[in-house]
Structure formats: structure tokens, C-alpha cells
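Just model13.txt here, compact mmCIF, C-alpha atoms and all ligand atoms:
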# COMPACT_ATOMS: atom_id res chain seq x y z
CA MET U 30 0.72 -15.62 -18.80
CA HIS U 31 1.63 -12.06 -17.80
CA ASN U 32 -0.81 -9.23 -18.41
CA LEU U 33 0.72 -7.39 -21.38
CA SER U 34 -0.37 -3.94 -20.17
CA PRO U 35 -0.46 -4.21 -16.37
CA VAL U 36 0.15 -0.52 -15.67
CA TYR U 37 -2.78 1.85 -15.43
CA ASP U 38 -0.68 5.01 -15.34
CA ILE U 39 2.56 6.62 -14.22
CA THR U 40 2.90 9.68 -12.01
CA PRO U 41 6.19 11.04 -13.35
CA PHE U 42 7.34 12.90 -10.23
CA SER U 43 6.48 12.85 -6.56
CA LEU U 44 8.30 14.09 -3.49
CA LEU U 45 5.63 12.84 -1.08
CA ASP U 46 5.23 9.11 -1.64
CA TYR U 47 8.76 7.93 -0.93
CA PRO U 48 10.31 10.23 1.67
CA ARG U 49 13.85 11.37 0.81
CA TYR U 50 13.68 10.06 -2.77
CA PRO U 51 12.21 11.95 -5.72
CA SER U 52 10.16 9.20 -7.30
CA ALA U 53 7.85 8.08 -10.05
CA ILE U 54 4.72 6.20 -9.05
CA ILE U 55 3.69 3.17 -11.10
CA TRP U 56 -0.04 2.51 -10.72
CA PHE U 57 -0.78 -1.16 -11.35
CA ALA U 58 -4.26 -1.94 -12.61
CA GLY U 59 -6.44 -4.38 -10.68
CA CYS U 60 -6.66 -5.30 -7.03
CA ASN U 61 -7.52 -8.29 -4.85
CA MET U 62 -9.64 -6.04 -2.60
CA GLN U 63 -12.51 -3.67 -3.12
CA CYS U 64 -12.16 -1.36 -0.13
CA GLN U 65 -15.25 0.70 0.57
CA TYR U 66 -13.20 3.90 0.84
CA CYS U 67 -10.93 3.21 -2.14
CA TYR U 68 -10.55 6.39 -4.15
CA ASN U 69 -8.98 4.64 -7.13
CA PRO U 70 -11.96 2.66 -8.50
CA GLU U 71 -10.92 3.31 -12.08
CA ILE U 72 -7.53 1.68 -11.33
CA VAL U 73 -9.01 -1.24 -9.37
CA PHE U 74 -11.46 -2.17 -12.12
CA SER U 75 -9.16 -1.43 -15.05
CA LYS U 76 -7.09 -3.88 -17.08
CA GLY U 77 -4.25 -1.39 -17.56
CA LYS U 78 -3.04 0.71 -20.46
CA LYS U 79 0.74 0.68 -20.42
CA SER U 80 3.14 -2.17 -21.00
CA ILE U 81 6.16 -2.98 -18.85
CA GLU U 82 8.37 -2.04 -21.79
CA GLU U 83 6.81 1.44 -22.04
CA THR U 84 7.15 1.85 -18.29
CA LEU U 85 10.81 0.84 -18.30
CA ASN U 86 11.49 3.17 -21.22
CA PHE U 87 10.01 5.99 -19.16
CA LEU U 88 12.24 5.07 -16.20
CA LYS U 89 15.30 4.92 -18.46
CA CYS U 90 14.58 8.49 -19.59
CA ARG U 91 14.42 9.63 -15.95
CA GLN U 92 17.71 8.12 -14.80
CA GLY U 93 19.67 10.77 -12.93
CA LEU U 94 16.51 12.84 -12.36
CA LEU U 95 14.64 10.42 -10.12
CA GLU U 96 15.97 8.20 -7.36
CA GLY U 97 13.01 6.03 -6.49
CA VAL U 98 10.13 4.08 -7.95
CA VAL U 99 6.92 3.51 -5.99
CA LEU U 100 4.93 0.42 -6.94
CA SER U 101 1.33 1.20 -6.15
CA GLY U 102 -2.13 0.59 -7.53
CA GLY U 103 -4.40 -1.26 -7.38
CA GLU U 104 -2.22 -3.97 -5.90
CA ALA U 105 1.19 -4.31 -7.54
CA THR U 106 1.76 -7.83 -6.15
CA GLU U 107 -1.13 -9.10 -8.28
CA TYR U 108 1.07 -8.64 -11.36
CA HIS U 109 2.74 -11.99 -12.02
CA GLY U 110 5.85 -10.50 -13.57
CA LEU U 111 6.61 -8.22 -10.63
CA GLN U 112 9.90 -9.86 -9.66
CA GLU U 113 11.32 -9.53 -13.18
CA PHE U 114 10.06 -5.95 -13.38
CA CYS U 115 11.76 -5.09 -10.08
CA LYS U 116 15.02 -6.61 -11.33
CA SER U 117 14.84 -4.33 -14.37
CA ILE U 118 14.11 -1.29 -12.21
CA LYS U 119 17.02 -2.17 -9.92
CA ALA U 120 19.30 -2.54 -12.95
CA LEU U 121 18.50 1.11 -13.72
CA GLY U 122 19.74 2.08 -10.25
CA TYR U 123 16.47 3.00 -8.57
CA LYS U 124 15.31 2.42 -5.01
CA ILE U 125 11.97 0.62 -4.86
CA LYS U 126 9.11 1.24 -2.48
CA LEU U 127 6.15 -1.14 -2.51
CA ASP U 128 2.68 -0.10 -1.33
CA THR U 129 0.72 -3.23 -0.49
CA ASN U 130 -2.31 -4.61 1.29
CA GLY U 131 -0.23 -7.63 2.29
CA ILE U 132 -2.47 -10.39 0.97
CA ASN U 133 0.16 -11.88 -1.37
CA THR U 134 2.68 -12.95 1.28
CA LYS U 135 4.67 -15.25 -1.00
CA VAL U 136 5.23 -12.55 -3.63
CA ILE U 137 6.48 -10.17 -0.95
CA LYS U 138 8.68 -12.84 0.63
CA ASP U 139 10.30 -13.61 -2.73
CA LEU U 140 10.93 -9.91 -3.39
CA LEU U 141 12.54 -9.48 0.02
CA GLU U 142 14.69 -12.57 -0.33
CA ALA U 143 15.94 -11.34 -3.69
CA ASN U 144 16.66 -7.87 -2.22
CA LEU U 145 14.37 -6.25 -4.75
CA VAL U 146 12.44 -3.88 -2.47
CA ASP U 147 13.92 -1.20 -0.23
CA PHE U 148 10.84 -0.07 1.64
CA ILE U 149 7.32 -1.41 2.13
CA ALA U 150 4.22 0.51 3.20
CA LEU U 151 1.81 -2.10 4.54
CA ASP U 152 -1.88 -1.29 4.87
CA TYR U 153 -3.51 -2.62 8.03
CA LYS U 154 -7.01 -2.20 6.67
CA ALA U 155 -9.07 -3.13 9.71
CA PRO U 156 -9.18 -5.43 12.72
CA ARG U 157 -10.27 -8.97 11.91
CA SER U 158 -13.92 -8.31 12.81
CA LYS U 159 -14.26 -5.59 10.15
CA PHE U 160 -11.68 -6.79 7.61
CA TYR U 161 -14.11 -8.43 5.19
CA THR U 162 -16.77 -5.71 5.45
CA ILE U 163 -14.27 -3.01 4.56
CA THR U 164 -12.11 -4.85 2.00
CA LYS U 165 -14.35 -7.61 0.55
CA ASN U 166 -11.40 -9.94 1.05
CA ARG U 167 -11.50 -12.79 3.58
CA LYS U 168 -7.76 -13.41 3.80
CA PHE U 169 -6.99 -11.60 7.03
CA GLU U 170 -4.57 -14.43 7.94
CA HIS U 171 -2.56 -13.72 4.79
CA PHE U 172 -2.23 -10.10 5.83
CA GLN U 173 -1.10 -11.23 9.30
CA ASN U 174 1.47 -13.56 7.73
CA THR U 175 2.91 -10.65 5.77
CA LEU U 176 3.03 -8.51 8.88
CA ASP U 177 4.91 -11.25 10.73
CA LEU U 178 7.21 -11.72 7.76
CA LEU U 179 8.14 -8.04 7.79
CA LEU U 180 8.59 -8.03 11.55
CA THR U 181 11.01 -10.93 11.44
CA SER U 182 12.97 -10.10 8.31
CA ASN U 183 14.71 -6.82 9.23
CA SER U 184 12.80 -5.12 6.44
CA ASP U 185 12.41 -1.38 6.30
CA PHE U 186 8.65 -0.88 6.47
CA GLU U 187 5.77 1.10 7.92
CA VAL U 188 2.23 0.16 8.86
CA ARG U 189 -0.66 2.46 8.07
CA THR U 190 -4.44 2.58 8.11
CA THR U 191 -6.78 4.76 6.08
CA LEU U 192 -9.38 6.08 8.48
CA HIS U 193 -12.95 6.77 7.45
CA THR U 194 -14.54 7.37 10.83
CA ASP U 195 -17.91 5.92 9.83
CA LEU U 196 -16.14 2.61 9.11
CA LEU U 197 -13.54 2.46 11.88
CA ASP U 198 -13.86 3.99 15.34
CA VAL U 199 -11.28 4.60 18.01
CA ASP U 200 -11.82 1.12 19.51
CA ASP U 201 -11.02 -0.46 16.14
CA ILE U 202 -7.85 1.59 15.80
CA ASN U 203 -6.88 0.65 19.35
CA LEU U 204 -7.31 -3.03 18.46
CA ILE U 205 -4.86 -2.48 15.62
CA ILE U 206 -2.39 -0.57 17.79
CA ASP U 207 -2.51 -3.20 20.52
CA ASP U 208 -2.07 -6.00 18.00
CA LEU U 209 0.97 -4.26 16.50
CA ALA U 210 2.42 -3.59 19.94
CA GLN U 211 1.91 -7.21 20.96
CA ARG U 212 3.79 -8.31 17.84
CA GLU U 213 6.58 -5.89 18.86
CA TYR U 214 6.23 -3.51 15.94
CA ALA U 215 8.60 -0.70 16.91
CA GLY U 216 7.98 1.81 14.14
CA THR U 217 5.49 4.64 13.82
CA TYR U 218 1.91 3.63 13.07
CA TYR U 219 0.36 6.02 10.56
CA ILE U 220 -3.32 6.90 10.46
CA GLN U 221 -4.17 8.39 7.09
CA GLU U 222 -7.22 10.59 7.05
CA PHE U 223 -9.84 9.74 4.45
CA LYS U 224 -9.73 12.13 1.52
CA THR U 225 -13.14 13.74 1.15
CA GLY U 226 -14.70 14.93 -2.09
CA VAL U 227 -13.41 12.05 -4.21
CA LYS U 228 -15.25 9.17 -5.85
CA THR U 229 -14.91 5.93 -3.89
CA ILE U 230 -15.80 2.32 -4.64
CA ASP U 231 -18.79 2.42 -2.28
CA ASP U 232 -19.54 6.06 -3.03
CA LEU U 233 -18.96 6.98 0.61
CA PRO U 234 -20.13 10.32 1.90
CA LYS U 235 -18.00 12.60 4.03
CA PRO U 236 -17.52 10.92 7.45
CA LEU U 237 -20.06 12.03 10.03
CA MET U 238 -18.42 10.56 13.09
CA GLY U 239 -15.69 12.39 14.97
CA PHE U 240 -12.50 10.73 16.16
CA ALA U 241 -11.16 11.15 19.69
CA THR U 242 -7.40 11.04 19.27
CA ASP U 243 -7.02 11.51 23.03
CA LYS U 244 -8.55 8.05 23.46
CA LEU U 245 -5.92 6.34 21.31
CA SER U 246 -3.84 3.63 22.93
CA LYS U 247 -0.39 4.83 23.98
CA ALA U 248 1.19 1.48 23.17
CA LEU U 249 2.79 2.81 19.97
CA HIS U 250 3.96 6.05 18.46
CA VAL U 251 1.05 7.13 16.28
CA SER U 252 1.14 9.80 13.60
CA VAL U 253 -1.92 11.16 11.80
CA ARG U 254 -1.29 12.30 8.25
CA GLN U 255 -3.25 13.41 5.21
CA THR U 256 -3.30 11.29 2.07
S1 LIG U 301 -7.67 0.94 -1.27
FE1 LIG U 301 -8.22 -1.24 -1.30
S2 LIG U 301 -9.29 -1.57 -3.25
FE2 LIG U 301 -8.21 0.38 -3.40
S3 LIG U 301 -6.27 -0.12 -4.32
FE3 LIG U 301 -5.92 -0.16 -2.11
S4 LIG U 301 -6.27 -2.28 -1.50
FE4 LIG U 301 -7.13 -2.05 -3.56
Will you turn the file into C-alpha cells for me?
Amino acid sequence: MHNLSPVYDITPFSLLDYPRYPSAIIWFAGCNMQCQYCYNPEIVFSKGKKSIEETLNFLKCRQGLLEGVVLSGGEATEYHGLQEFCKSIKALGYKIKLDTNGINTKVIKDLLEANLVDFIALDYKAPRSKFYTITKNRKFEHFQNTLDLLLTSNSDFEVRTTLHTDLLDVDDINLIIDDLAQREYAGTYYIQEFKTGVKTIDDLPKPLMGFATDKLSKALHVSVRQT
């Protein structure tokens, strides 16, 4: 049965999350990870407050004012009614961007096959050796399957990593870059700097370690951005 109130909250307007499209962000409650650096613990551990109906009513009111909807969280693909929800959003004329950790490959595959997502931001959380420590999820292979799915399906997507330098060092990031290059990822790889001064799941302090960007692998185009 579907969660009756799967949405934690709605950000009514953002110009940053879905480049080129003024968007609303739908924050789905709950997640299949518990990343040490996650700065949305209240969303991850929440059961949600808003129904799909309320959320769609909001989107109906914004038709003509917004162009995109970002499905974020938490992990949106954990919501069992996501495909139906995306159909309803599409019927309102919006573009859809999905932010995902890539564990639910089948959900993403079904969305792509039904042409229900226009852009995917895929988190590459960590190389295999640190994946469980950082995310508390053992399904690194599922993430890899999603990455391969996106690489072979002509999808519009980006790969990104949140960097807390006490958790990941330049060698870890280079493992990620080299893996992506080997799989022939041709896009930009984004490193998102950890946001300091916010509450995180593991209550992480400000990173102490520096990060030598000059030691990054040149195998891909890399861009560092703030979250
Ligand atoms: S950072 Fe990790 S725990 Fe937090 S919402 Fe994203 S995937 Fe879930």
C-alpha cells in the first residue's frame, strides 16, 4: 500500500536545483541510506506530512509560473507510487528532474522506459571500499547497475559526489573518476562541497582535512560546486 503522506515538504521555487527551469522541489520523506554527512536527517527519519493530492494541487496552482519539478528527499524512488505521481506531474506539463542515490535501479528503469523523467542527478556516494561506511547501505552493485543503465540508455544525467574531506580523500575521488572514465561517462563529474554549520546524521564536525584539487585525475572534466 502507498504511503498516504509521502512528502515531507515542498520548496515552492528554486532556480538552482534544475538549471534552466524554474522549479519546485518535492522532498520525499524516508531514505534507504543513512549517509554520515546527510544534512536532511529530519527528512530521512520522517514519515512525511503532505499527501500526493495536496502536492499535485500545489503544482496545479503553479502552472505557467514554474517549468520543472525536482523529486528529491530523502529518496524519492522509495515511494511506491512514484510512477503514477510522475504521470500526473507530466500531465500538468512540467519537466521532471530526479535526484537519486541509484539503489532502486528497477524504479529508475521503469521511469525512463515510460519517458517520465527528463534529467537525473545520480549520487556516486563513495568508492566500493567506503560505500557502506558512508551510506550504511551495502548495495553498491545496485548503484553500479543504475549507473550502467543511465550510460546505455541515452538519458540526460549527471554524476556527483558530496565531499566531506574527512570521509573521502583525493585517492577516493580519483577511484570514482577513473571508474566513470572506464565506463565511458562523458559528462561533467561534479564534486559538491560539504555544507558546514548544519546538523548531519552523524553530527559531523567541520572537515579538518584539506583537498588537493591539483592531484585530481584528469580523466574527466571535473567541476567543484557548493551545495
Ligand atoms: S544524503 Fe544519503 S541519507 Fe541523506 S537523503 Fe541523500 S541518500 Fe538519503
- Query: Neighbours of Asp152 (chain U) within 6 Å (only C-alpha atoms; same-chain residues fewer than 5 positions away dropped), as a count of residues only?
  - Reply: 4
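Look at Lys247 (chain U): the protein and nucleic acid residues within 10 Å of it, using all atoms listed in the file and passing over chain neighbours fewer than 5 places away, are U:Asn203, U:Ile206, U:Asp207, U:Ala210.
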Selection to disk with C-alpha atoms, as a PDB file, in the coordinates of the input:
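Saved to result_33.pdb:
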ATOM      1  CA  ASN U 203      -6.880   0.650  19.350  1.00  0.00           C
ATOM      2  CA  ILE U 206      -2.390  -0.570  17.790  1.00  0.00           C
ATOM      3  CA  ASP U 207      -2.510  -3.200  20.520  1.00  0.00           C
ATOM      4  CA  ALA U 210       2.420  -3.590  19.940  1.00  0.00           C
TER       5      ALA U 210
END
- Task: Enumerate residues in contact with ligand LIG 301 (chain U): an atom-to-atom distance of at most 7 Å, counting only C-alpha atoms and all ligand atoms. Format the result as a ChimeraX atom specification.
- Result: /U:60-64,66-70,73,102-104,130,164
- Item | Residues within 8 Å of Tyr123 (chain U), all atoms listed in the file, excluding chain neighbours under 6 positions, as a list in words | Leu95, Glu96, Gly97 and Val98 of chain U
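You can rank U:His250, U:Lys76, U:Lys224, U:His31 by their closest distance to Thr191 (chain U) using only C-alpha atoms, and at the top of that list sits U:Lys224.
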- Item | Shell of 8 Å around Ala105 (chain U), all atoms listed in the file, local chain residues under 5 positions omitted, as a VMD selection string | chain U and resid 56 to 58 60 100 111 127 to 129
Write out as a short mmCIF file (atom, residue, chain, number, x, y, z; two decimals) with C-alpha atoms, in the frame of the given file each polymer residue whose atoms come within 7 Å of Leu121 (chain U), counting all atoms listed in the file; drop sequence neighbours fewer than 3 positions from it.
data_model
loop_
_atom_site.label_atom_id
_atom_site.label_comp_id
_atom_site.auth_asym_id
_atom_site.auth_seq_id
_atom_site.Cartn_x
_atom_site.Cartn_y
_atom_site.Cartn_z
CA LYS U 89 15.30 4.92 -18.46
CA SER U 117 14.84 -4.33 -14.37
CA ILE U 118 14.11 -1.29 -12.21
#
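Among the candidates U:Phe114, U:Phe160, U:Phe148, U:Phe169, the one nearest to Thr134 (chain U) when counting only C-alpha atoms is U:Phe169.
Nearest residue to Arg91 (chain U) among U:Leu180, U:Cys115, U:Asp185, U:Pro51 is U:Pro51, counting all atoms listed in the file.
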Rows by chain and residue number, region 144-194 of chain U within 12 Å of region 225-238 of chain U, shortest pair, all atoms listed in the file, as CSV:
residue,atom,partner,partner_atom,distance
U:Thr162,CA,U:Asp231,CA,11.4
U:Ile163,CA,U:Asp231,CA,9.8
U:Thr164,CA,U:Ile230,CA,10.4
U:Lys165,CA,U:Ile230,CA,11.3
U:Leu192,CA,U:Pro236,CA,9.5
U:His193,CA,U:Pro236,CA,6.2
U:Thr194,CA,U:Met238,CA,5.5
- Message: Restricting the calculation to all atoms listed in the file: of U:Leu196, U:Ser34, U:Thr217, U:Lys119, which residue gets closest to Leu88 (chain U)?
- Response: U:Lys119
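Going from CA of Lys159 (chain U) over to CA of Asp198 (chain U), you cover 10.9 Å.
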